[in-house]
$ cat start.cif   # mmCIF, C-alpha atoms
data_upload
loop_
_atom_site.label_atom_id
_atom_site.label_comp_id
_atom_site.auth_asym_id
_atom_site.auth_seq_id
_atom_site.Cartn_x
_atom_site.Cartn_y
_atom_site.Cartn_z
CA MET U 1 26.12 -1.49 -13.17
CA SER U 2 22.84 0.32 -13.58
CA SER U 3 22.74 0.56 -17.36
CA PRO U 4 20.37 -1.99 -18.93
CA LEU U 5 22.73 -2.34 -21.90
CA ALA U 6 25.66 -3.14 -19.60
CA GLN U 7 23.54 -5.70 -17.73
CA LEU U 8 22.54 -7.32 -21.03
CA LEU U 9 26.16 -7.51 -22.19
CA VAL U 10 27.21 -9.09 -18.89
CA ARG U 11 24.41 -11.67 -19.19
CA TRP U 12 25.57 -12.49 -22.73
CA LEU U 13 29.18 -12.82 -21.57
CA VAL U 14 28.17 -15.14 -18.72
CA LEU U 15 26.06 -17.21 -21.11
CA ALA U 16 28.94 -17.36 -23.63
CA LEU U 17 31.27 -18.48 -20.83
CA GLY U 18 28.80 -21.24 -19.90
CA VAL U 19 28.50 -22.43 -23.51
CA ALA U 20 32.31 -22.37 -23.90
CA LEU U 21 32.68 -24.45 -20.73
CA ALA U 22 30.02 -26.85 -21.97
CA THR U 23 31.95 -27.38 -25.21
CA LYS U 24 35.05 -28.26 -23.17
CA LEU U 25 33.37 -30.42 -20.49
CA VAL U 26 30.50 -32.23 -22.21
CA PRO U 27 31.29 -34.78 -24.91
CA GLY U 28 29.14 -34.29 -27.98
CA ILE U 29 29.04 -30.48 -27.88
CA ARG U 30 31.23 -28.54 -30.29
CA CYS U 31 31.46 -24.91 -31.31
CA ASP U 32 33.56 -24.06 -34.38
CA ASP U 33 34.65 -20.50 -33.59
CA GLY U 34 34.15 -17.45 -31.38
CA GLU U 35 31.66 -15.79 -33.68
CA THR U 36 29.44 -18.86 -33.50
CA LEU U 37 29.77 -18.81 -29.70
CA VAL U 38 28.51 -15.21 -29.56
CA ILE U 39 25.59 -16.03 -31.87
CA VAL U 40 24.64 -19.03 -29.71
CA ALA U 41 24.82 -16.92 -26.54
CA VAL U 42 22.56 -14.22 -28.02
CA LEU U 43 20.13 -16.84 -29.35
CA LEU U 44 19.97 -18.69 -26.01
CA SER U 45 19.41 -15.38 -24.25
CA PHE U 46 16.51 -14.66 -26.61
CA PHE U 47 15.09 -18.15 -25.99
CA ASN U 48 15.38 -17.71 -22.21
CA SER U 49 13.59 -14.37 -22.40
CA PHE U 50 10.70 -15.27 -24.68
CA LEU U 51 10.29 -19.00 -25.29
CA LYS U 52 11.18 -20.39 -21.87
CA PRO U 53 8.42 -18.57 -19.93
CA LEU U 54 5.82 -19.84 -22.41
CA LEU U 55 7.16 -23.39 -22.24
CA VAL U 56 7.20 -23.28 -18.44
CA LEU U 57 3.62 -22.02 -18.40
CA PHE U 58 2.36 -24.75 -20.73
CA THR U 59 4.30 -27.54 -18.99
CA LEU U 60 3.70 -26.42 -15.41
CA PRO U 61 1.87 -29.63 -14.38
CA PHE U 62 4.79 -31.72 -15.74
CA ILE U 63 7.29 -29.53 -13.89
CA LEU U 64 5.35 -29.87 -10.65
CA VAL U 65 4.97 -33.65 -10.97
CA THR U 66 8.68 -34.08 -11.70
CA MET U 67 9.62 -31.67 -8.90
CA GLY U 68 11.52 -29.29 -11.16
CA VAL U 69 13.26 -31.79 -13.44
CA GLY U 70 11.04 -30.53 -16.25
CA ILE U 71 12.98 -27.25 -16.21
CA ILE U 72 16.16 -29.17 -17.09
CA VAL U 73 14.31 -30.84 -19.97
CA ILE U 74 13.13 -27.43 -21.24
CA ASN U 75 16.67 -26.02 -21.01
CA ALA U 76 18.03 -29.05 -22.90
CA LEU U 77 15.40 -28.68 -25.63
CA LEU U 78 16.27 -24.98 -26.04
CA PHE U 79 19.96 -25.95 -26.22
CA LEU U 80 19.16 -28.51 -28.95
CA PHE U 81 17.01 -25.96 -30.81
CA ALA U 82 19.90 -23.48 -30.81
CA ALA U 83 22.18 -26.19 -32.21
CA HIS U 84 19.74 -26.86 -35.05
CA LEU U 85 19.51 -23.16 -35.92
CA VAL U 86 23.18 -22.15 -35.78
CA ASP U 87 25.69 -23.57 -38.26
CA GLY U 88 28.94 -24.37 -36.50
CA PHE U 89 27.33 -25.30 -33.17
CA HIS U 90 26.82 -29.04 -32.83
CA VAL U 91 25.07 -31.03 -30.10
CA ALA U 92 25.21 -34.82 -30.55
CA GLY U 93 21.93 -35.67 -28.84
CA PHE U 94 19.51 -35.13 -26.02
CA TRP U 95 21.85 -36.25 -23.21
CA SER U 96 24.63 -34.01 -24.48
CA ALA U 97 22.10 -31.17 -24.49
CA VAL U 98 21.13 -32.01 -20.88
CA GLY U 99 24.79 -31.90 -19.85
CA GLY U 100 25.34 -28.63 -21.71
CA ALA U 101 22.24 -27.05 -20.20
CA LEU U 102 23.38 -28.09 -16.70
CA VAL U 103 26.86 -26.64 -17.24
CA VAL U 104 25.41 -23.37 -18.55
CA SER U 105 22.94 -23.16 -15.62
CA ILE U 106 25.60 -23.85 -12.98
CA THR U 107 27.97 -21.33 -14.58
CA ASN U 108 25.20 -18.73 -14.61
CA ILE U 109 24.39 -19.33 -10.94
CA ILE U 110 28.04 -19.14 -9.81
CA VAL U 111 29.07 -16.10 -11.85
CA SER U 112 25.83 -14.21 -11.09
CA SER U 113 26.28 -14.77 -7.36
CA MET U 114 29.89 -13.53 -7.56
CA LEU U 115 28.85 -10.42 -9.50
CA ARG U 116 25.95 -9.67 -7.17
CA GLY U 117 28.26 -9.20 -4.17
CA THR U 118 27.06 -8.35 -0.69
CA PRO U 119 23.73 -6.56 -0.31
CA ARG U 120 23.69 -3.11 1.23
CA PRO U 121 21.90 -2.65 4.55
CA PRO U 122 18.57 -0.78 4.36
CA ARG U 123 18.65 2.99 4.96
CA ARG U 124 17.26 4.31 8.21
CA PRO U 125 14.83 7.22 8.17
CA PRO U 126 16.30 10.69 8.96
CA GLY U 127 14.82 10.80 12.47
CA GLY U 128 16.55 7.57 13.42
CA GLY U 129 13.33 6.00 14.73
CA ASP U 130 11.43 3.05 13.41
CA VAL U 131 8.74 3.64 10.82
CA ILE U 132 5.56 1.62 10.81
CA ASP U 133 3.60 1.53 7.58
CA VAL U 134 -0.05 0.60 7.84
#

$ encode --input "start.cif" --output "structure tokens"
Amino acid sequence: MSSPLAQLLVRWLVLALGVALATKLVPGIRCDDGETLVIVAVLLSFFNSFLKPLLVLFTLPFILVTMGVGIIVINALLFLFAAHLVDGFHVAGFWSAVGGALVVSITNIIVSSMLRGTPRPPRRPPGGGDVIDV
């Protein structure tokens, strides 16, 4: 899967799967229909690409002090923000957003690791000998 468009579509599908699972597993999260689910997935993908790096940069001391828990808070806030922007996607409160963000993150980790597969071994040079770069 070398096409950037195909990679983007797969990321959106994985994100949509995570949001769909969150609506089934976490009380307080509801999505009215499939079209809304796709819009939420695209919006969360946009947030993860542009807003999340800025938020992580500005809250880096908080993230370091909390030993990474601050990332979960940022993901939950982005989840809540998406719920406020998209009609038909409802998140009851902060703790529902935390649960939804955790479900989406775990789904992303599991599916991405399954899609990645086994890495290929490095290629040897044509002469068969070791190469030392200085």

$ resolve_selection --input "start.cif" --expression "the PyMOL selection byres ((chain U and resi 100) around 8)" --output "JSON list (two decimals) with C-alpha atoms, in the coordinates of the input"
[["chain", "number", "residue", "atom", "x", "y", "z"],
["U", 19, "VAL", "CA", 28.50, -22.43, -23.51],
["U", 22, "ALA", "CA", 30.02, -26.85, -21.97],
["U", 23, "THR", "CA", 31.95, -27.38, -25.21],
["U", 26, "VAL", "CA", 30.50, -32.23, -22.21],
["U", 29, "ILE", "CA", 29.04, -30.48, -27.88],
["U", 76, "ALA", "CA", 18.03, -29.05, -22.90],
["U", 79, "PHE", "CA", 19.96, -25.95, -26.22],
["U", 96, "SER", "CA", 24.63, -34.01, -24.48],
["U", 97, "ALA", "CA", 22.10, -31.17, -24.49],
["U", 98, "VAL", "CA", 21.13, -32.01, -20.88],
["U", 99, "GLY", "CA", 24.79, -31.90, -19.85],
["U", 101, "ALA", "CA", 22.24, -27.05, -20.20],
["U", 102, "LEU", "CA", 23.38, -28.09, -16.70],
["U", 103, "VAL", "CA", 26.86, -26.64, -17.24],
["U", 104, "VAL", "CA", 25.41, -23.37, -18.55]]

$ resolve_selection --input "start.cif" --expression "the PyMOL selection byres ((chain U and resi 40) around 8)" --output "ChimeraX atom specification"
/U:16,36-39,41-44,82-83,86,89

$ atom_distance --input "start.cif" --atom1 "atom CA of U:Leu115" --atom2 "atom CA of U:Val10"
9.6 Å

$ atom_distance --input "start.cif" --atom1 "atom CA of U:Ile74" --atom2 "atom CA of U:Leu5"
26.9 Å

$ atom_distance --input "start.cif" --atom1 "atom CA of U:Ser2" --atom2 "atom CA of U:Leu78"
29.0 Å

$ closest_residue --input "start.cif" --among "U:Ile109, U:Cys31, U:Ala6, U:Leu25" --to "U:Gly88" --atoms "all atoms listed in the file"
U:Cys31

$ closest_residue --input "start.cif" --among "U:Thr107, U:Gly28, U:Val14, U:Val56" --to "U:Leu80" --atoms "all atoms listed in the file"
U:Gly28

$ closest_residue --input "start.cif" --among "U:Pro4, U:Leu13, U:Phe47, U:Ala20" --to "U:Phe81" --atoms "only C-alpha atoms"
U:Phe47

$ closest_residue --input "start.cif" --among "U:Leu85, U:Leu15, U:Gly117, U:Asn108" --to "U:Ser45" --atoms "all atoms listed in the file"
U:Leu15

$ closest_residue --input "start.cif" --among "U:Arg116, U:Asn75, U:Glu35, U:Gln7" --to "U:Pro53" --atoms "only C-alpha atoms"
U:Asn75

$ axis_aligned_box --input "start.cif" --around "stretch 107-117 of chain U" --padding-each-side "8 Å" --output "JSON"
{"center_x": 27.1, "center_y": -15.3, "center_z": -9.4, "size_x": 21.5, "size_y": 28.1, "size_z": 26.4}

$ closest_residue --input "start.cif" --among "U:Ile72, U:Arg11, U:Phe62, U:Asp33" --to "U:Ser49" --atoms "all atoms listed in the file"
U:Arg11

$ build_atoms --input "start.cif" --residues "stretch 63-99 of chain U" --atoms "N, CA and C atoms" --output "compact mmCIF listing (two decimals), keeping the file's coordinate frame"
# COMPACT_ATOMS: atom_id res chain seq x y z
N ILE U 63 6.21 -30.02 -14.75
CA ILE U 63 7.29 -29.53 -13.89
C ILE U 63 6.97 -29.80 -12.43
N LEU U 64 5.73 -29.61 -12.04
CA LEU U 64 5.35 -29.87 -10.65
C LEU U 64 5.42 -31.35 -10.31
N VAL U 65 4.95 -32.20 -11.22
CA VAL U 65 4.97 -33.65 -10.97
C VAL U 65 6.41 -34.17 -10.88
N THR U 66 7.29 -33.62 -11.71
CA THR U 66 8.68 -34.08 -11.70
C THR U 66 9.55 -33.31 -10.71
N MET U 67 8.94 -32.46 -9.92
CA MET U 67 9.62 -31.67 -8.90
C MET U 67 10.79 -30.84 -9.47
N GLY U 68 10.55 -30.21 -10.60
CA GLY U 68 11.52 -29.29 -11.16
C GLY U 68 12.41 -29.87 -12.24
N VAL U 69 12.41 -31.18 -12.41
CA VAL U 69 13.26 -31.79 -13.44
C VAL U 69 12.80 -31.35 -14.83
N GLY U 70 11.55 -31.00 -14.97
CA GLY U 70 11.04 -30.53 -16.25
C GLY U 70 11.73 -29.27 -16.74
N ILE U 71 12.23 -28.45 -15.83
CA ILE U 71 12.98 -27.25 -16.21
C ILE U 71 14.27 -27.65 -16.93
N ILE U 72 14.92 -28.70 -16.45
CA ILE U 72 16.16 -29.17 -17.09
C ILE U 72 15.85 -29.67 -18.50
N VAL U 73 14.72 -30.35 -18.65
CA VAL U 73 14.31 -30.84 -19.97
C VAL U 73 14.05 -29.65 -20.91
N ILE U 74 13.39 -28.62 -20.42
CA ILE U 74 13.13 -27.43 -21.24
C ILE U 74 14.44 -26.77 -21.64
N ASN U 75 15.38 -26.62 -20.69
CA ASN U 75 16.67 -26.02 -21.01
C ASN U 75 17.42 -26.85 -22.06
N ALA U 76 17.36 -28.18 -21.94
CA ALA U 76 18.03 -29.05 -22.90
C ALA U 76 17.40 -28.91 -24.28
N LEU U 77 16.08 -28.83 -24.34
CA LEU U 77 15.40 -28.68 -25.63
C LEU U 77 15.75 -27.34 -26.29
N LEU U 78 15.86 -26.28 -25.50
CA LEU U 78 16.27 -24.98 -26.04
C LEU U 78 17.71 -25.03 -26.54
N PHE U 79 18.56 -25.77 -25.82
CA PHE U 79 19.96 -25.95 -26.22
C PHE U 79 20.02 -26.70 -27.56
N LEU U 80 19.23 -27.76 -27.70
CA LEU U 80 19.16 -28.51 -28.95
C LEU U 80 18.62 -27.64 -30.09
N PHE U 81 17.61 -26.84 -29.80
CA PHE U 81 17.01 -25.96 -30.81
C PHE U 81 18.04 -24.96 -31.31
N ALA U 82 18.84 -24.41 -30.40
CA ALA U 82 19.90 -23.48 -30.81
C ALA U 82 20.92 -24.19 -31.70
N ALA U 83 21.23 -25.44 -31.40
CA ALA U 83 22.18 -26.19 -32.21
C ALA U 83 21.64 -26.44 -33.62
N HIS U 84 20.33 -26.63 -33.73
CA HIS U 84 19.74 -26.86 -35.05
C HIS U 84 19.69 -25.57 -35.88
N LEU U 85 19.62 -24.43 -35.20
CA LEU U 85 19.51 -23.16 -35.92
C LEU U 85 20.85 -22.55 -36.32
N VAL U 86 21.90 -22.82 -35.56
CA VAL U 86 23.18 -22.15 -35.78
C VAL U 86 24.17 -23.12 -36.42
N ASP U 87 24.64 -22.77 -37.62
CA ASP U 87 25.69 -23.57 -38.26
C ASP U 87 26.99 -23.36 -37.50
N GLY U 88 27.68 -24.45 -37.23
CA GLY U 88 28.94 -24.37 -36.50
C GLY U 88 28.80 -24.70 -35.03
N PHE U 89 27.58 -24.89 -34.55
CA PHE U 89 27.33 -25.30 -33.17
C PHE U 89 26.65 -26.65 -33.24
N HIS U 90 27.31 -27.67 -32.68
CA HIS U 90 26.82 -29.04 -32.83
C HIS U 90 26.58 -29.67 -31.46
N VAL U 91 25.42 -30.27 -31.30
CA VAL U 91 25.07 -31.03 -30.10
C VAL U 91 24.69 -32.43 -30.58
N ALA U 92 25.36 -33.45 -30.05
CA ALA U 92 25.21 -34.82 -30.55
C ALA U 92 23.83 -35.41 -30.28
N GLY U 93 23.23 -35.08 -29.16
CA GLY U 93 21.93 -35.67 -28.84
C GLY U 93 21.34 -35.06 -27.60
N PHE U 94 20.24 -35.68 -27.15
CA PHE U 94 19.51 -35.13 -26.02
C PHE U 94 20.35 -35.11 -24.74
N TRP U 95 21.09 -36.20 -24.46
CA TRP U 95 21.85 -36.25 -23.21
C TRP U 95 23.02 -35.29 -23.22
N SER U 96 23.60 -35.05 -24.38
CA SER U 96 24.63 -34.01 -24.48
C SER U 96 24.01 -32.64 -24.21
N ALA U 97 22.80 -32.43 -24.72
CA ALA U 97 22.10 -31.17 -24.49
C ALA U 97 21.77 -30.99 -23.00
N VAL U 98 21.39 -32.09 -22.33
CA VAL U 98 21.13 -32.01 -20.88
C VAL U 98 22.40 -31.61 -20.14
N GLY U 99 23.52 -32.25 -20.49
CA GLY U 99 24.79 -31.90 -19.85
C GLY U 99 25.18 -30.46 -20.13
